[in-house]
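Text of upload.tsv (TSV, C-alpha atoms) as supplied:
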```tsv
chain	number	residue	atom	x	y	z
Y	115	MET	CA	0.00	0.00	0.00
Y	116	PHE	CA	1.17	3.51	-0.88
Y	117	VAL	CA	-0.12	6.55	1.03
Y	118	SER	CA	-0.03	9.67	-1.11
Y	119	THR	CA	0.85	13.27	-0.30
Y	120	PRO	CA	-2.02	15.19	1.38
Y	121	VAL	CA	-1.28	18.56	-0.24
Y	122	GLY	CA	-3.59	17.89	-3.20
Y	123	ALA	CA	-5.18	15.30	-5.46
Y	124	ILE	CA	-2.97	13.14	-7.67
Y	125	GLY	CA	-3.23	14.57	-11.16
Y	126	SER	CA	-3.68	18.16	-9.99
Y	127	GLY	CA	0.02	18.99	-10.16
Y	128	ILE	CA	0.00	20.38	-6.62
Y	129	GLY	CA	2.14	17.48	-5.42
Y	130	GLY	CA	4.88	18.26	-7.93
Y	131	GLY	CA	7.31	15.47	-8.74
Y	132	VAL	CA	5.88	13.22	-6.03
Y	133	GLU	CA	2.87	12.60	-8.24
Y	134	LEU	CA	5.02	11.27	-11.08
Y	135	THR	CA	7.14	9.29	-8.62
Y	136	LEU	CA	4.04	7.58	-7.27
Y	137	ARG	CA	2.69	6.83	-10.73
Y	138	ASN	CA	5.94	5.34	-11.98
Y	139	MET	CA	6.61	3.29	-8.85
Y	140	THR	CA	3.14	1.77	-8.86
Y	141	GLN	CA	3.26	1.15	-12.61
Y	142	ILE	CA	6.45	-0.91	-12.54
Y	143	LEU	CA	5.41	-2.83	-9.42
Y	144	CYS	CA	2.10	-3.81	-11.03
Y	145	GLN	CA	3.94	-4.87	-14.18
Y	146	ARG	CA	6.07	-7.17	-12.01
Y	147	GLY	CA	3.04	-8.83	-10.45
Y	148	HIS	CA	2.82	-7.01	-7.13
Y	149	GLN	CA	-0.62	-6.11	-5.77
Y	150	VAL	CA	-0.64	-2.35	-5.24
Y	151	THR	CA	-3.22	-0.03	-3.66
Y	152	VAL	CA	-2.88	3.73	-3.27
Y	153	LEU	CA	-4.59	5.85	-0.62
Y	154	ALA	CA	-4.98	9.34	-2.06
Y	155	PRO	CA	-6.93	12.59	-1.68
Y	156	GLN	CA	-10.45	12.71	-3.04
Y	157	GLY	CA	-10.47	13.61	-6.73
Y	158	SER	CA	-7.22	11.81	-7.51
Y	159	THR	CA	-6.64	9.94	-10.77
Y	160	LEU	CA	-4.14	7.14	-11.23
Y	161	PRO	CA	-5.13	5.04	-14.26
Y	162	GLY	CA	-4.64	1.30	-13.94
Y	163	ILE	CA	-3.97	1.41	-10.18
Y	164	SER	CA	-6.31	0.39	-7.35
Y	165	LEU	CA	-7.17	3.70	-5.71
Y	166	ILE	CA	-8.92	4.48	-2.42
Y	167	GLU	CA	-9.95	8.15	-2.22
Y	168	VAL	CA	-10.02	9.87	1.15
Y	169	ALA	CA	-11.68	13.19	2.01
Y	170	GLY	CA	-10.37	15.93	4.27
Y	171	GLN	CA	-8.68	19.31	4.51
Y	172	PRO	CA	-5.39	19.37	2.56
Y	173	GLN	CA	-2.14	19.74	4.46
Y	174	PRO	CA	-0.18	23.02	4.11
Y	175	SER	CA	2.90	22.59	1.91
Y	176	ILE	CA	6.15	22.55	3.86
Y	177	GLN	CA	7.91	24.56	1.12
Y	178	VAL	CA	6.18	27.73	2.33
Y	179	GLN	CA	7.22	27.18	5.96
Y	180	ASP	CA	10.52	27.83	7.73
Y	181	ARG	CA	12.78	25.70	9.90
Y	182	GLN	CA	11.01	26.55	13.17
Y	183	THR	CA	7.41	26.21	11.95
Y	184	PRO	CA	5.62	23.89	14.40
Y	185	VAL	CA	3.81	20.74	13.36
Y	186	VAL	CA	0.22	21.67	12.43
Y	187	LEU	CA	-2.81	19.61	11.43
Y	188	PRO	CA	-5.89	21.46	10.10
Y	189	GLY	CA	-9.39	20.58	11.25
Y	190	GLN	CA	-10.82	17.56	9.39
Y	191	SER	CA	-7.23	16.76	8.45
Y	192	LEU	CA	-6.77	14.86	5.18
Y	193	LEU	CA	-3.38	13.66	6.42
Y	194	ALA	CA	-4.91	12.20	9.58
Y	195	ASN	CA	-7.76	10.63	7.60
Y	196	LEU	CA	-5.34	8.99	5.17
Y	197	TRP	CA	-3.41	7.38	7.99
Y	198	GLU	CA	-6.52	6.31	9.89
Y	199	THR	CA	-7.61	4.55	6.70
Y	200	ALA	CA	-4.19	2.94	6.41
Y	201	ARG	CA	-4.30	1.81	10.05
Y	202	CYS	CA	-7.66	0.12	9.59
Y	203	ALA	CA	-6.51	-1.69	6.42
Y	204	GLN	CA	-2.93	-2.53	7.40
Y	205	ALA	CA	-3.55	-6.24	8.01
Y	206	ASP	CA	-4.28	-6.69	4.29
Y	207	TYR	CA	-0.80	-5.52	3.21
Y	208	ASP	CA	2.81	-6.64	3.63
Y	209	LEU	CA	4.24	-3.12	3.48
Y	210	ILE	CA	3.02	0.49	3.66
Y	211	ILE	CA	4.96	3.19	1.79
Y	212	ASN	CA	4.53	6.83	2.76
Y	213	VAL	CA	5.38	9.45	0.12
Y	214	ALA	CA	4.32	12.49	2.17
Y	215	TYR	CA	6.90	14.88	3.60
Y	216	ASP	CA	4.91	15.35	6.82
Y	217	TRP	CA	5.62	14.68	10.49
Y	218	LEU	CA	2.63	12.48	11.32
Y	219	PRO	CA	3.43	9.40	9.16
Y	220	PHE	CA	6.97	9.22	10.56
Y	221	TYR	CA	5.67	9.46	14.11
Y	222	LEU	CA	3.12	6.71	13.45
Y	223	THR	CA	5.79	4.27	12.23
Y	224	GLU	CA	6.13	2.90	15.78
Y	225	PHE	CA	2.44	2.15	16.17
Y	226	PHE	CA	1.73	0.07	13.05
Y	227	THR	CA	2.10	-3.71	13.03
Y	228	THR	CA	2.64	-3.73	9.25
Y	229	PRO	CA	6.03	-2.15	8.42
Y	230	VAL	CA	5.79	1.50	7.38
Y	231	ALA	CA	8.56	2.85	5.13
Y	232	HIS	CA	9.06	6.34	3.76
Y	233	LEU	CA	10.16	8.03	0.57
Y	234	VAL	CA	11.72	11.34	1.64
Y	235	SER	CA	11.15	13.51	-1.40
Y	236	MET	CA	12.96	16.69	-0.29
Y	237	GLY	CA	16.07	17.73	1.56
Y	238	SER	CA	16.22	19.10	5.10
Y	239	LEU	CA	13.67	21.93	5.45
Y	240	ASN	CA	12.33	21.89	8.99
Y	241	ASP	CA	13.82	21.08	12.41
Y	242	ALA	CA	10.86	19.00	13.59
Y	243	MET	CA	10.99	16.94	10.39
Y	244	ASP	CA	14.75	16.44	10.72
Y	245	GLN	CA	14.28	15.08	14.24
Y	246	ILE	CA	11.50	12.63	13.43
Y	247	ILE	CA	13.22	11.40	10.25
Y	248	ALA	CA	16.44	10.78	12.19
Y	249	GLN	CA	14.48	8.93	14.90
Y	250	VAL	CA	12.90	6.55	12.38
Y	251	ALA	CA	16.20	5.99	10.57
Y	252	HIS	CA	17.92	5.15	13.87
Y	253	ARG	CA	15.26	2.75	15.12
Y	254	HIS	CA	14.32	0.99	11.88
Y	255	ALA	CA	16.97	-0.07	9.39
Y	256	HIS	CA	16.24	0.64	5.72
Y	257	ARG	CA	12.84	2.23	6.40
Y	258	ILE	CA	13.75	5.54	4.70
Y	259	CYS	CA	14.75	6.02	1.08
Y	260	VAL	CA	15.86	9.16	-0.75
Y	261	TYR	CA	16.41	10.09	-4.37
Y	262	THR	CA	20.09	11.11	-4.17
Y	263	GLN	CA	23.07	11.19	-1.84
Y	264	THR	CA	23.23	14.96	-2.21
Y	265	GLN	CA	19.71	15.14	-0.78
Y	266	ALA	CA	20.66	12.78	2.07
Y	267	ASN	CA	23.66	14.94	2.96
Y	268	THR	CA	21.38	17.87	3.84
Y	269	PHE	CA	20.13	16.05	6.94
Y	270	PRO	CA	22.11	16.45	10.18
Y	271	GLY	CA	23.80	13.48	11.82
Y	272	ASN	CA	24.27	11.44	8.63
Y	273	PRO	CA	21.32	9.08	9.18
Y	274	ALA	CA	21.34	5.92	7.06
Y	275	PHE	CA	19.05	6.24	4.04
Y	276	PHE	CA	18.42	3.87	1.13
Y	277	PRO	CA	19.11	5.60	-2.24
Y	278	ILE	CA	16.36	4.86	-4.76
Y	279	GLY	CA	17.00	7.26	-7.65
Y	280	PHE	CA	14.21	7.53	-10.18
Y	281	GLY	CA	12.94	5.94	-13.37
Y	282	LEU	CA	10.69	6.81	-16.31
Y	283	ASP	CA	8.56	4.89	-18.75
Y	284	LEU	CA	10.80	5.96	-21.63
Y	285	SER	CA	8.22	4.87	-24.22
Y	286	ARG	CA	6.22	7.97	-23.21
Y	287	TYR	CA	9.01	10.34	-24.31
Y	288	ASP	CA	9.85	10.94	-27.98
Y	289	PHE	CA	13.41	11.75	-29.03
Y	290	CYS	CA	13.82	14.93	-31.08
Y	291	ALA	CA	17.02	15.45	-33.05
Y	292	THR	CA	16.19	18.85	-34.55
Y	293	PRO	CA	14.89	21.36	-31.97
Y	294	ASP	CA	13.40	24.78	-32.52
Y	295	PRO	CA	15.20	27.98	-31.41
Y	296	GLN	CA	13.63	28.08	-27.95
Y	297	LEU	CA	14.34	27.18	-24.33
Y	298	CYS	CA	12.16	25.45	-21.76
Y	299	TRP	CA	11.59	25.66	-17.98
Y	300	MET	CA	9.36	23.29	-15.98
Y	301	GLY	CA	8.30	23.06	-12.36
Y	302	ARG	CA	6.06	24.43	-9.67
Y	303	ILE	CA	5.93	28.20	-10.13
Y	304	SER	CA	7.01	29.43	-6.70
Y	305	PRO	CA	9.94	31.52	-5.42
Y	306	GLU	CA	12.26	28.63	-4.49
Y	307	LYS	CA	12.27	27.51	-8.14
Y	308	ALA	CA	13.64	30.90	-9.34
Y	309	LEU	CA	11.81	31.12	-12.66
Y	310	GLU	CA	13.10	34.70	-12.94
Y	311	ASP	CA	16.64	33.44	-13.64
Y	312	ALA	CA	15.40	31.38	-16.58
Y	313	VAL	CA	13.38	34.33	-17.91
Y	314	ALA	CA	16.41	36.62	-17.64
Y	315	THR	CA	18.57	34.07	-19.44
Y	316	ALA	CA	16.14	33.53	-22.31
Y	317	HIS	CA	15.67	37.29	-22.68
Y	318	ARG	CA	19.41	37.95	-22.89
Y	319	CYS	CA	19.80	35.14	-25.42
Y	320	GLY	CA	16.94	36.47	-27.53
Y	321	LEU	CA	15.07	33.16	-27.33
Y	322	PRO	CA	11.46	32.31	-26.43
Y	323	LEU	CA	10.98	30.48	-23.12
Y	324	GLN	CA	8.32	27.78	-22.87
Y	325	VAL	CA	7.12	27.55	-19.25
Y	326	MET	CA	5.15	24.59	-17.91
Y	327	GLY	CA	3.97	23.76	-14.42
Y	328	LYS	CA	1.45	24.46	-11.71
Y	329	ILE	CA	1.26	28.09	-10.61
Y	330	GLN	CA	1.61	27.76	-6.84
Y	331	ASP	CA	2.21	31.48	-6.22
Y	332	GLN	CA	0.28	33.70	-8.65
Y	333	SER	CA	1.66	37.00	-7.29
Y	334	TYR	CA	5.22	35.73	-7.66
Y	335	PHE	CA	4.56	34.72	-11.27
Y	336	GLU	CA	3.09	38.12	-12.06
Y	337	LYS	CA	6.13	39.86	-10.53
Y	338	VAL	CA	8.49	37.81	-12.69
Y	339	LEU	CA	6.59	38.71	-15.85
Y	340	ALA	CA	6.42	42.39	-14.86
Y	341	ALA	CA	10.18	42.47	-14.26
Y	342	TYR	CA	10.87	41.30	-17.83
Y	343	PRO	CA	8.12	42.84	-19.98
Y	344	GLN	CA	10.08	42.32	-23.22
Y	345	ALA	CA	10.88	38.65	-22.58
Y	346	GLN	CA	9.21	36.07	-24.82
Y	347	VAL	CA	7.61	34.00	-22.08
Y	348	HIS	CA	4.95	31.50	-23.15
Y	349	TYR	CA	3.12	29.90	-20.22
Y	350	ARG	CA	1.65	26.56	-21.31
Y	351	GLY	CA	0.05	25.49	-18.02
Y	352	PHE	CA	0.29	22.18	-16.23
Y	353	LYS	CA	0.36	19.43	-18.85
Y	354	SER	CA	-0.06	15.68	-19.04
Y	355	THR	CA	3.13	13.78	-19.83
Y	356	GLN	CA	2.12	13.35	-23.48
Y	357	ALA	CA	1.30	17.02	-24.00
Y	358	MET	CA	4.30	18.21	-21.97
Y	359	GLN	CA	6.90	16.17	-23.84
Y	360	GLN	CA	5.61	17.39	-27.21
Y	361	ILE	CA	6.64	20.90	-26.14
Y	362	LEU	CA	9.75	19.96	-24.16
Y	363	ARG	CA	11.38	17.87	-26.90
Y	364	ARG	CA	11.38	20.85	-29.30
Y	365	ALA	CA	13.57	22.92	-26.95
Y	366	GLN	CA	17.27	23.53	-27.44
Y	367	ALA	CA	17.76	23.10	-23.70
Y	368	LEU	CA	15.95	22.85	-20.38
Y	369	LEU	CA	16.90	25.47	-17.78
Y	370	VAL	CA	16.92	24.30	-14.14
Y	371	THR	CA	17.35	27.19	-11.71
Y	372	PRO	CA	16.32	26.30	-8.12
Y	373	ARG	CA	17.24	28.48	-5.16
Y	374	TRP	CA	16.97	25.51	-2.80
Y	375	ILE	CA	18.59	22.07	-2.85
Y	376	GLU	CA	16.52	19.89	-5.15
Y	377	ALA	CA	16.28	16.31	-3.91
Y	378	PHE	CA	16.48	15.01	-7.48
Y	379	GLY	CA	14.96	16.92	-10.36
Y	380	ILE	CA	12.56	14.70	-12.28
Y	381	VAL	CA	12.19	17.27	-15.05
Y	382	LEU	CA	15.88	16.78	-15.84
Y	383	ILE	CA	15.51	13.14	-16.79
Y	384	GLU	CA	12.30	13.89	-18.69
Y	385	ALA	CA	14.36	16.32	-20.77
Y	386	LEU	CA	17.17	13.81	-21.25
Y	387	ALA	CA	14.64	11.20	-22.36
Y	388	CYS	CA	13.60	13.57	-25.15
Y	389	GLY	CA	17.21	14.25	-26.12
Y	390	VAL	CA	17.13	17.75	-24.62
Y	391	PRO	CA	20.35	18.99	-22.94
Y	392	VAL	CA	20.01	20.37	-19.42
Y	393	ILE	CA	21.57	23.57	-18.11
Y	394	ALA	CA	21.35	23.49	-14.32
Y	395	TYR	CA	22.75	25.09	-11.22
Y	396	ARG	CA	25.41	22.95	-9.58
Y	397	ARG	CA	23.21	22.45	-6.54
Y	398	GLY	CA	21.40	19.42	-5.13
Y	399	GLY	CA	20.23	16.47	-7.19
Y	400	PRO	CA	20.89	18.05	-10.62
Y	401	ALA	CA	24.62	18.02	-9.84
Y	402	GLU	CA	24.42	14.21	-9.66
Y	403	ILE	CA	22.43	13.89	-12.88
Y	404	VAL	CA	23.86	16.26	-15.52
Y	405	GLN	CA	27.09	15.07	-17.12
Y	406	SER	CA	28.55	18.50	-17.72
Y	407	GLY	CA	29.88	18.82	-21.24
Y	408	THR	CA	28.17	15.58	-22.35
Y	409	THR	CA	24.44	15.84	-21.56
Y	410	GLY	CA	24.33	19.53	-20.64
Y	411	TRP	CA	26.13	22.05	-18.48
Y	412	LEU	CA	26.38	22.67	-14.74
Y	413	VAL	CA	26.96	26.28	-13.71
Y	414	ASP	CA	27.51	28.11	-10.43
Y	415	PRO	CA	24.29	28.56	-8.42
Y	416	ASP	CA	22.40	31.83	-8.96
Y	417	ASN	CA	24.73	32.89	-11.78
Y	418	VAL	CA	22.68	34.11	-14.74
Y	419	ASN	CA	25.82	35.12	-16.66
Y	420	GLN	CA	26.97	31.50	-16.65
Y	421	LEU	CA	23.50	30.32	-17.71
Y	422	VAL	CA	23.75	32.64	-20.74
Y	423	GLU	CA	27.24	31.35	-21.56
Y	424	ALA	CA	26.02	27.75	-21.30
Y	425	VAL	CA	23.18	28.40	-23.74
Y	426	GLY	CA	25.82	29.51	-26.24
Y	427	LYS	CA	27.61	26.16	-25.80
Y	428	ILE	CA	24.54	23.96	-26.35
Y	429	PRO	CA	25.61	23.08	-29.94
Y	430	GLN	CA	28.52	21.15	-28.40
Y	431	ILE	CA	26.09	18.65	-26.82
Y	432	GLN	CA	24.98	15.60	-28.80
Y	433	ARG	CA	21.27	15.09	-28.19
Y	434	GLN	CA	21.59	11.33	-28.68
Y	435	ALA	CA	23.94	11.24	-25.67
Y	436	CYS	CA	21.16	12.74	-23.57
Y	437	ARG	CA	18.71	10.02	-24.56
Y	438	ARG	CA	21.39	7.39	-23.98
Y	439	GLN	CA	21.95	8.54	-20.40
Y	440	ALA	CA	18.21	8.31	-19.70
Y	441	GLU	CA	18.10	4.78	-21.11
Y	442	GLU	CA	21.14	3.58	-19.17
Y	443	GLN	CA	20.40	5.14	-15.78
Y	444	PHE	CA	16.76	6.13	-15.48
Y	445	SER	CA	14.54	3.48	-17.03
Y	446	LEU	CA	11.43	2.16	-15.31
Y	447	GLU	CA	13.05	-1.28	-15.17
Y	448	ALA	CA	16.03	0.08	-13.25
Y	449	LEU	CA	13.67	1.78	-10.81
Y	450	GLY	CA	11.80	-1.50	-10.32
Y	451	ASP	CA	15.04	-3.32	-9.46
Y	452	ARG	CA	15.94	-0.71	-6.85
Y	453	LEU	CA	12.43	-0.73	-5.37
Y	454	GLU	CA	12.39	-4.49	-4.95
Y	455	ALA	CA	15.86	-4.37	-3.38
Y	456	TRP	CA	14.60	-1.74	-0.91
Y	457	PHE	CA	11.50	-3.76	-0.02
Y	458	GLN	CA	13.58	-6.90	0.47
Y	459	ALA	CA	15.96	-5.04	2.80
Y	460	ILE	CA	13.03	-3.79	4.91
Y	461	LEU	CA	11.31	-7.15	5.20
Y	462	THR	CA	14.56	-9.03	5.87
Y	463	SER	CA	15.73	-6.64	8.58
Y	464	ARG	CA	12.36	-6.85	10.28
```

Write-out of the structure in structure tokens:
Amino acid sequence: MFVSTPVGAIGSGIGGGVELTLRNMTQILCQRGHQVTVLAPQGSTLPGISLIEVAGQPQPSIQVQDRQTPVVLPGQSLLANLWETARCAQADYDLIINVAYDWLPFYLTEFFTTPVAHLVSMGSLNDAMDQIIAQVAHRHAHRICVYTQTQANTFPGNPAFFPIGFGLDLSRYDFCATPDPQLCWMGRISPEKALEDAVATAHRCGLPLQVMGKIQDQSYFEKVLAAYPQAQVHYRGFKSTQAMQQILRRAQALLVTPRWIEAFGIVLIEALACGVPVIAYRRGGPAEIVQSGTTGWLVDPDNVNQLVEAVGKIPQIQRQACRRQAEEQFSLEALGDRLEAWFQAILTSR
């Protein structure tokens, strides 16, 4: 059983990369004969997967909080309702996987008879979360997995985490050898993603910028557009994978400009799968993914001048090398192997 993020329905885009992570994990496990059920907010869609929808008030996103923000549950809490549903059904499952970056599921690990394990989808953001994650890691071997070692290194005390990486159904992404003269940026539109750096880069390079993703902070988005009135910014909305990759694959490069430490950067491997080079800040997960000079360029964090220089060097990148890296490192089959190894480690250690 997987228990989804309580910030919004699966398919809404509010959950960011966690939504795609959940879809891809459940897809490969079902293909391998595992029986999978997902508990998710009411209104969720996850084709081909057994889904139990749960009602309640969504949980505030931790990205808009600071390190000292206390643990809060709203009235009629969706998070609490999800885990009450999981508690009542736990005897029917061998393993429960939490994908929410919230305090309650980690705390409840001790009180379930069925093993509860956790995908930690972000780096260290909050002191209370750091403490409860470290407690679970100390008491229960292998119960916590992360995307990358860079993400794991953000947590104090070097707790033991199981690295899981990521994987895509590469058949959903079409390779494009001849792009159009344009750049692309994808992600939740909120301040920590620093869309303004991508807009500034595209403007200075004289190229259109295709923007895709959920607008999480409308006022922030409007400020970015107002700051660069002459920039050719084309907002395409939050797209399905099929619609998104039709736009992405036509780009000369994907710009990745986060202010914070990205745990992984799923949009990077989606770009690579389409043959699109990635220009990213040398910060967090992207620094472990981009092969600088081969599948894109890594530049100093928050340095727009270097982003502009890297755009000028994109012709040096062979787009087939980008697709090759996706095939070799980030296939759905590779993800399935790592997932089964993680599950086996949990059940054996128990």

(request) Please provide as a PyMOL selection string all residues within 6 Å of Y:Ser118, with the sequence filter that same-chain residues fewer than 6 positions apart are discarded (counting all atoms listed in the file). (result) chain Y and resi 153-154+213

Please produce a file of those selected residues containing C-alpha atoms, as an mmCIF file, in the coordinates of the input.
```cif
data_model
loop_
_atom_site.group_PDB
_atom_site.id
_atom_site.type_symbol
_atom_site.label_atom_id
_atom_site.label_comp_id
_atom_site.auth_asym_id
_atom_site.auth_seq_id
_atom_site.Cartn_x
_atom_site.Cartn_y
_atom_site.Cartn_z
ATOM 1 C CA LEU Y 153 -4.590 5.850 -0.620
ATOM 2 C CA ALA Y 154 -4.980 9.340 -2.060
ATOM 3 C CA VAL Y 213 5.380 9.450 0.120
#
```

(request) For atom CA of Y:Val347 and atom CA of Y:Arg437, determine how far apart the two atoms are, in Å to one decimal place. (result) 26.5 Å

(message) Using all atoms listed in the file and a cutoff of 10 Å, can you tell me which residues are near (8.6, 0.7, -11.1) in the file's coordinates, and write them out as a list in words?
(response) Thr135, Leu136, Arg137, Asn138, Met139, Thr140, Gln141, Ile142, Leu143, Cys144, Gln145, Arg146, Phe280, Gly281, Leu282, Asp283, Ser445, Leu446, Glu447, Ala448, Leu449, Gly450, Asp451, Arg452, Leu453 and Glu454 of chain Y

(message) So, with all atoms listed in the file as the atoms that count, which of Y:Pro415, Y:Gly320, Y:Pro155, Y:Gly147 lies closest to Y:Gly125?
(response)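 Answer, going by the shortest atom-to-atom distance: Y:Pro155.
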
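Straight-line separation from atom CA of Y:Tyr395 to atom CA of Y:Ile361: 22.4 Å.
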
(request) Give the answer as one residue: which of Y:Val313, Y:Gly399, Y:Asp414, Y:Ala340 has the shortest atom-to-atom distance to Y:Leu369, using only C-alpha atoms? (result) Y:Val313

(message) Using only C-alpha atoms, can you tell me which of Y:Leu196, Y:Leu297, Y:Met326, Y:Val234 comes closest to Y:Lys353?
(response)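 Result for the nearest residue to Y:Lys353: Y:Met326.
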
(message) Neighbouring residues of stretch 354-360 of chain Y were defined as those with any atom within 10 Å, considering only C-alpha atoms; residues of the same chain fewer than 2 positions away were excluded. Please report them as a ChimeraX atom specification.
(response) /Y:125,127,134,286-290,300,326-327,350-352,362-365,384-385,387-388
